[in-house]
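*Asks:* The following file, upload-v1.pdb, comprises PDB, C-alpha atoms, pLDDT in the B column:
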MODEL        1
ATOM      1  CA  MET A 822      34.131 -27.967  25.414  1.00 70.00           C
ATOM      2  CA  ALA A 823      33.243 -24.302  24.889  1.00 67.00           C
ATOM      3  CA  ALA A 824      29.690 -23.131  25.434  1.00 70.00           C
ATOM      4  CA  THR A 825      27.807 -22.015  22.352  1.00 72.00           C
ATOM      5  CA  ARG A 826      25.778 -18.879  22.171  1.00 73.00           C
ATOM      6  CA  ALA A 827      24.112 -16.747  19.525  1.00 79.00           C
ATOM      7  CA  GLU A 828      23.296 -13.096  20.133  1.00 87.00           C
ATOM      8  CA  ILE A 829      21.674 -10.416  18.023  1.00 90.00           C
ATOM      9  CA  THR A 830      22.169  -6.648  18.310  1.00 93.00           C
ATOM     10  CA  VAL A 831      19.298  -4.378  17.268  1.00 92.00           C
ATOM     11  CA  THR A 832      18.914  -0.602  17.383  1.00 92.00           C
ATOM     12  CA  GLY A 833      15.358   0.681  17.077  1.00 91.00           C
ATOM     13  CA  TRP A 834      12.546   2.896  18.321  1.00 91.00           C
ATOM     14  CA  LEU A 835      11.036   2.011  21.692  1.00 90.00           C
ATOM     15  CA  ASN A 836       7.236   1.568  21.962  1.00 88.00           C
ATOM     16  CA  ASN A 837       4.557   0.044  24.194  1.00 89.00           C
ATOM     17  CA  VAL A 838       6.516  -0.582  27.397  1.00 91.00           C
ATOM     18  CA  LYS A 839       4.598  -2.782  29.847  1.00 93.00           C
ATOM     19  CA  ALA A 840       5.813  -3.743  33.318  1.00 92.00           C
ATOM     20  CA  PHE A 841       4.953  -7.034  35.014  1.00 92.00           C
ATOM     21  CA  ASP A 842       6.050  -8.549  38.316  1.00 91.00           C
ATOM     22  CA  TRP A 843       8.454 -10.866  36.435  1.00 90.00           C
ATOM     23  CA  GLY A 844       9.971  -8.190  34.127  1.00 91.00           C
ATOM     24  CA  ASN A 845       9.197  -5.881  31.232  1.00 93.00           C
ATOM     25  CA  VAL A 846       7.900  -6.218  27.688  1.00 94.00           C
ATOM     26  CA  PHE A 847       8.262  -3.653  24.917  1.00 94.00           C
ATOM     27  CA  THR A 848       8.218  -3.287  21.166  1.00 91.00           C
ATOM     28  CA  LEU A 849      11.308  -2.203  19.255  1.00 92.00           C
ATOM     29  CA  ASN A 850      10.658  -0.974  15.700  1.00 89.00           C
ATOM     30  CA  VAL A 851      13.455  -0.884  13.137  1.00 90.00           C
ATOM     31  CA  GLU A 852      12.888   1.181  10.002  1.00 85.00           C
ATOM     32  CA  HIS A 853      14.708   0.243   6.820  1.00 84.00           C
ATOM     33  CA  ARG A 854      15.331   3.415   4.811  1.00 84.00           C
ATOM     34  CA  ARG A 855      16.860   4.339   1.473  1.00 88.00           C
ATOM     35  CA  GLN A 856      17.168   7.353  -0.754  1.00 88.00           C
ATOM     36  CA  ASN A 857      14.754   7.591  -3.666  1.00 89.00           C
ATOM     37  CA  GLU A 858      15.605   8.988  -7.091  1.00 90.00           C
ATOM     38  CA  ARG A 859      14.896  12.559  -5.831  1.00 92.00           C
ATOM     39  CA  GLY A 860      17.478  12.091  -3.058  1.00 90.00           C
ATOM     40  CA  GLU A 861      14.836  11.980  -0.313  1.00 90.00           C
ATOM     41  CA  TRP A 862      14.984   9.366   2.426  1.00 89.00           C
ATOM     42  CA  GLU A 863      11.957   7.072   2.659  1.00 87.00           C
ATOM     43  CA  THR A 864      10.997   4.121   4.828  1.00 81.00           C
ATOM     44  CA  VAL A 865      10.753   1.018   2.640  1.00 81.00           C
ATOM     45  CA  ASP A 866      10.174  -1.602   5.338  1.00 81.00           C
ATOM     46  CA  ARG A 867       9.837  -2.037   9.097  1.00 82.00           C
ATOM     47  CA  THR A 868      10.806  -4.907  11.368  1.00 87.00           C
ATOM     48  CA  GLN A 869       9.092  -5.262  14.727  1.00 88.00           C
ATOM     49  CA  PHE A 870      10.765  -6.965  17.687  1.00 92.00           C
ATOM     50  CA  ASP A 871       8.758  -8.046  20.757  1.00 92.00           C
ATOM     51  CA  VAL A 872      11.335  -7.772  23.543  1.00 94.00           C
ATOM     52  CA  THR A 873      11.200  -9.264  27.042  1.00 94.00           C
ATOM     53  CA  THR A 874      13.689  -8.471  29.775  1.00 94.00           C
ATOM     54  CA  ASP A 875      14.092  -8.623  33.527  1.00 92.00           C
ATOM     55  CA  GLN A 876      15.931  -5.282  33.419  1.00 90.00           C
ATOM     56  CA  THR A 877      14.429  -1.843  33.992  1.00 87.00           C
ATOM     57  CA  VAL A 878      13.602  -0.253  30.647  1.00 87.00           C
ATOM     58  CA  PRO A 879      15.119   3.246  30.508  1.00 85.00           C
ATOM     59  CA  ASP A 880      13.159   6.338  29.459  1.00 82.00           C
ATOM     60  CA  ALA A 881      14.382   6.564  25.886  1.00 83.00           C
ATOM     61  CA  LYS A 882      13.211   7.093  22.318  1.00 89.00           C
ATOM     62  CA  GLN A 883      15.760   4.735  20.822  1.00 89.00           C
ATOM     63  CA  LEU A 884      17.525   1.709  22.332  1.00 91.00           C
ATOM     64  CA  LEU A 885      20.327  -0.663  21.408  1.00 93.00           C
ATOM     65  CA  VAL A 886      19.272  -4.141  22.536  1.00 94.00           C
ATOM     66  CA  ILE A 887      21.460  -7.248  22.714  1.00 94.00           C
ATOM     67  CA  GLY A 888      19.787 -10.591  23.251  1.00 94.00           C
ATOM     68  CA  ARG A 889      18.798 -13.944  21.827  1.00 92.00           C
ATOM     69  CA  LEU A 890      16.045 -14.773  19.384  1.00 90.00           C
ATOM     70  CA  SER A 891      13.217 -16.737  20.959  1.00 88.00           C
ATOM     71  CA  GLY A 892      10.584 -17.105  18.228  1.00 87.00           C
ATOM     72  CA  THR A 893       8.043 -15.161  16.186  1.00 88.00           C
ATOM     73  CA  ASN A 894       4.542 -13.729  16.629  1.00 85.00           C
ATOM     74  CA  THR A 895       1.884 -12.864  14.083  1.00 87.00           C
ATOM     75  CA  TYR A 896      -0.404  -9.873  14.455  1.00 82.00           C
ATOM     76  CA  GLN A 897      -2.969  -7.935  12.447  1.00 85.00           C
ATOM     77  CA  LYS A 898      -1.734  -4.613  11.057  1.00 81.00           C
ATOM     78  CA  LYS A 899      -3.877  -1.466  10.904  1.00 85.00           C
ATOM     79  CA  ASP A 900      -4.447  -2.079   7.181  1.00 88.00           C
ATOM     80  CA  GLY A 901      -5.842  -5.556   7.929  1.00 88.00           C
ATOM     81  CA  THR A 902      -2.869  -7.532   6.647  1.00 86.00           C
ATOM     82  CA  THR A 903      -0.931  -9.979   8.793  1.00 87.00           C
ATOM     83  CA  GLY A 904       2.417  -8.901  10.174  1.00 83.00           C
ATOM     84  CA  VAL A 905       5.186 -10.894  11.801  1.00 84.00           C
ATOM     85  CA  SER A 906       7.245  -9.765  14.783  1.00 86.00           C
ATOM     86  CA  ILE A 907      10.426 -11.344  16.047  1.00 89.00           C
ATOM     87  CA  LYS A 908      10.629 -12.304  19.725  1.00 92.00           C
ATOM     88  CA  LEU A 909      13.846 -11.244  21.453  1.00 92.00           C
ATOM     89  CA  ARG A 910      14.983 -11.978  25.029  1.00 94.00           C
ATOM     90  CA  ALA A 911      17.178  -9.000  25.981  1.00 93.00           C
ATOM     91  CA  THR A 912      20.377  -9.393  27.988  1.00 92.00           C
ATOM     92  CA  SER A 913      21.550  -5.779  27.553  1.00 91.00           C
ATOM     93  CA  LEU A 914      19.790  -2.423  27.012  1.00 92.00           C
ATOM     94  CA  GLU A 915      21.618   0.785  26.070  1.00 89.00           C
ATOM     95  CA  VAL A 916      20.096   4.219  25.446  1.00 89.00           C
ATOM     96  CA  VAL A 917      20.837   5.580  21.956  1.00 83.00           C
ATOM     97  CA  GLU A 918      18.524   8.600  22.079  1.00 76.00           C
ATOM     98  CA  GLN A 919      17.108   9.985  25.317  1.00 74.00           C
ATOM     99  CA  THR A 920      13.488  11.080  25.701  1.00 64.00           C
ATOM    100  CA  ASP A 921      12.311  14.199  27.498  1.00 59.00           C
ATOM    101  CA  ALA A 922       9.072  12.724  28.821  1.00 49.00           C
ATOM    102  CA  PRO A 923       8.338   9.548  30.801  1.00 46.00           C
ATOM    103  CA  PHE A 924       6.220   6.788  29.227  1.00 42.00           C
TER     104      PHE A 924
ENDMDL
END
What do you get writing this file as structure tokens?

*Replies:*
Amino acid sequence: MAATRAEITVTGWLNNVKAFDWGNVFTLNVEHRRQNERGEWETVDRTQFDVTTDQTVPDAKQLLVIGRLSGTNTYQKKDGTTGVSIKLRATSLEVVEQTDAPF
């Protein structure tokens, strides 16, 4: 019998990297954009991923992350509303856009 597995691939903006003795945690924000009637690009929605990994998180602005979904979190947004983030256990990290400064 073949093993089953489900993976997700996400490309987003890296934020809030925290290192622990067991691994690293960071937030990956994905902006959903579209052109408005004036032809300008605007952000219409954001998805937040709370990522855990035992890998070293590279100095980057943007990452491609492959991993498995592991649940959801709720949090309070700056405007006072409740937001939901998706928990992701990363198995692979790849730099999409490099940063010039360390975290």

*Asks:* I'd like to see the residues matched by the PyMOL selection byres ((chain A and resi 862-878) around 6) on this file, and ideally I'd get them as an mmCIF file with C-alpha atoms, keeping the file's coordinate frame.

*Replies:*
data_model
loop_
_atom_site.group_PDB
_atom_site.id
_atom_site.type_symbol
_atom_site.label_atom_id
_atom_site.label_comp_id
_atom_site.auth_asym_id
_atom_site.auth_seq_id
_atom_site.Cartn_x
_atom_site.Cartn_y
_atom_site.Cartn_z
ATOM 1 C CA GLY A 844 9.971 -8.190 34.127
ATOM 2 C CA ASN A 845 9.197 -5.881 31.232
ATOM 3 C CA VAL A 846 7.900 -6.218 27.688
ATOM 4 C CA PHE A 847 8.262 -3.653 24.917
ATOM 5 C CA THR A 848 8.218 -3.287 21.166
ATOM 6 C CA LEU A 849 11.308 -2.203 19.255
ATOM 7 C CA ASN A 850 10.658 -0.974 15.700
ATOM 8 C CA VAL A 851 13.455 -0.884 13.137
ATOM 9 C CA GLU A 852 12.888 1.181 10.002
ATOM 10 C CA HIS A 853 14.708 0.243 6.820
ATOM 11 C CA ARG A 854 15.331 3.415 4.811
ATOM 12 C CA ARG A 855 16.860 4.339 1.473
ATOM 13 C CA GLN A 856 17.168 7.353 -0.754
ATOM 14 C CA GLU A 861 14.836 11.980 -0.313
ATOM 15 C CA PRO A 879 15.119 3.246 30.508
ATOM 16 C CA SER A 906 7.245 -9.765 14.783
ATOM 17 C CA ILE A 907 10.426 -11.344 16.047
ATOM 18 C CA LYS A 908 10.629 -12.304 19.725
ATOM 19 C CA LEU A 909 13.846 -11.244 21.453
ATOM 20 C CA ARG A 910 14.983 -11.978 25.029
ATOM 21 C CA ALA A 911 17.178 -9.000 25.981
#

*Asks:* So how many Å separate CA of Gly904 (chain A) and CA of Gly892 (chain A), to one decimal?

*Replies:*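 CA of Gly892 (chain A) lies at a distance of 14.1 Å from CA of Gly904 (chain A).
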
*Asks:* Given the PyMOL selection byres ((chain A and resi 913) around 9) and the file above, list the residues it selects as a ChimeraX atom specification.

*Replies:* /A:874,876,885-888,911-912,914-915

*Asks:* Any idea what the distance is between CA of Ala827 (chain A) and CA of Thr893 (chain A)?

*Replies:*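 The value is 16.5 Å.
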
*Asks:* Applying 8 Å and only C-alpha atoms, which residues near Ala881 (chain A) remain after dropping the ones on its own chain fewer than 6 positions away? List them as a PyMOL selection string.

*Replies:* chain A and resi 835+916-920

*Asks:* Can you write just those residues out, C-alpha atoms, as a PDB file, in the coordinates of the input?

*Replies:*
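The resulting selection_26.pdb:
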ATOM      1  CA  LEU A 835      11.036   2.011  21.692  1.00 90.00           C
ATOM      2  CA  VAL A 916      20.096   4.219  25.446  1.00 89.00           C
ATOM      3  CA  VAL A 917      20.837   5.580  21.956  1.00 83.00           C
ATOM      4  CA  GLU A 918      18.524   8.600  22.079  1.00 76.00           C
ATOM      5  CA  GLN A 919      17.108   9.985  25.317  1.00 74.00           C
ATOM      6  CA  THR A 920      13.488  11.080  25.701  1.00 64.00           C
TER       7      THR A 920
END

*Asks:* Calculate how many Å separate CA of Asp880 (chain A) from CA of Asn894 (chain A), rounding to one decimal.

*Replies:* 25.3 Å

*Asks:* Once you add 6 Å to each side, what are the centre and edge lengths of the axis-aligned box holding all listed atoms of region 851-857 of chain A? One decimal in Å, as lines of an AutoDock Vina configuration file, if you can.

*Replies:*
center_x = 15.0
center_y = 3.4
center_z = 4.7
size_x = 16.3
size_y = 20.5
size_z = 28.8
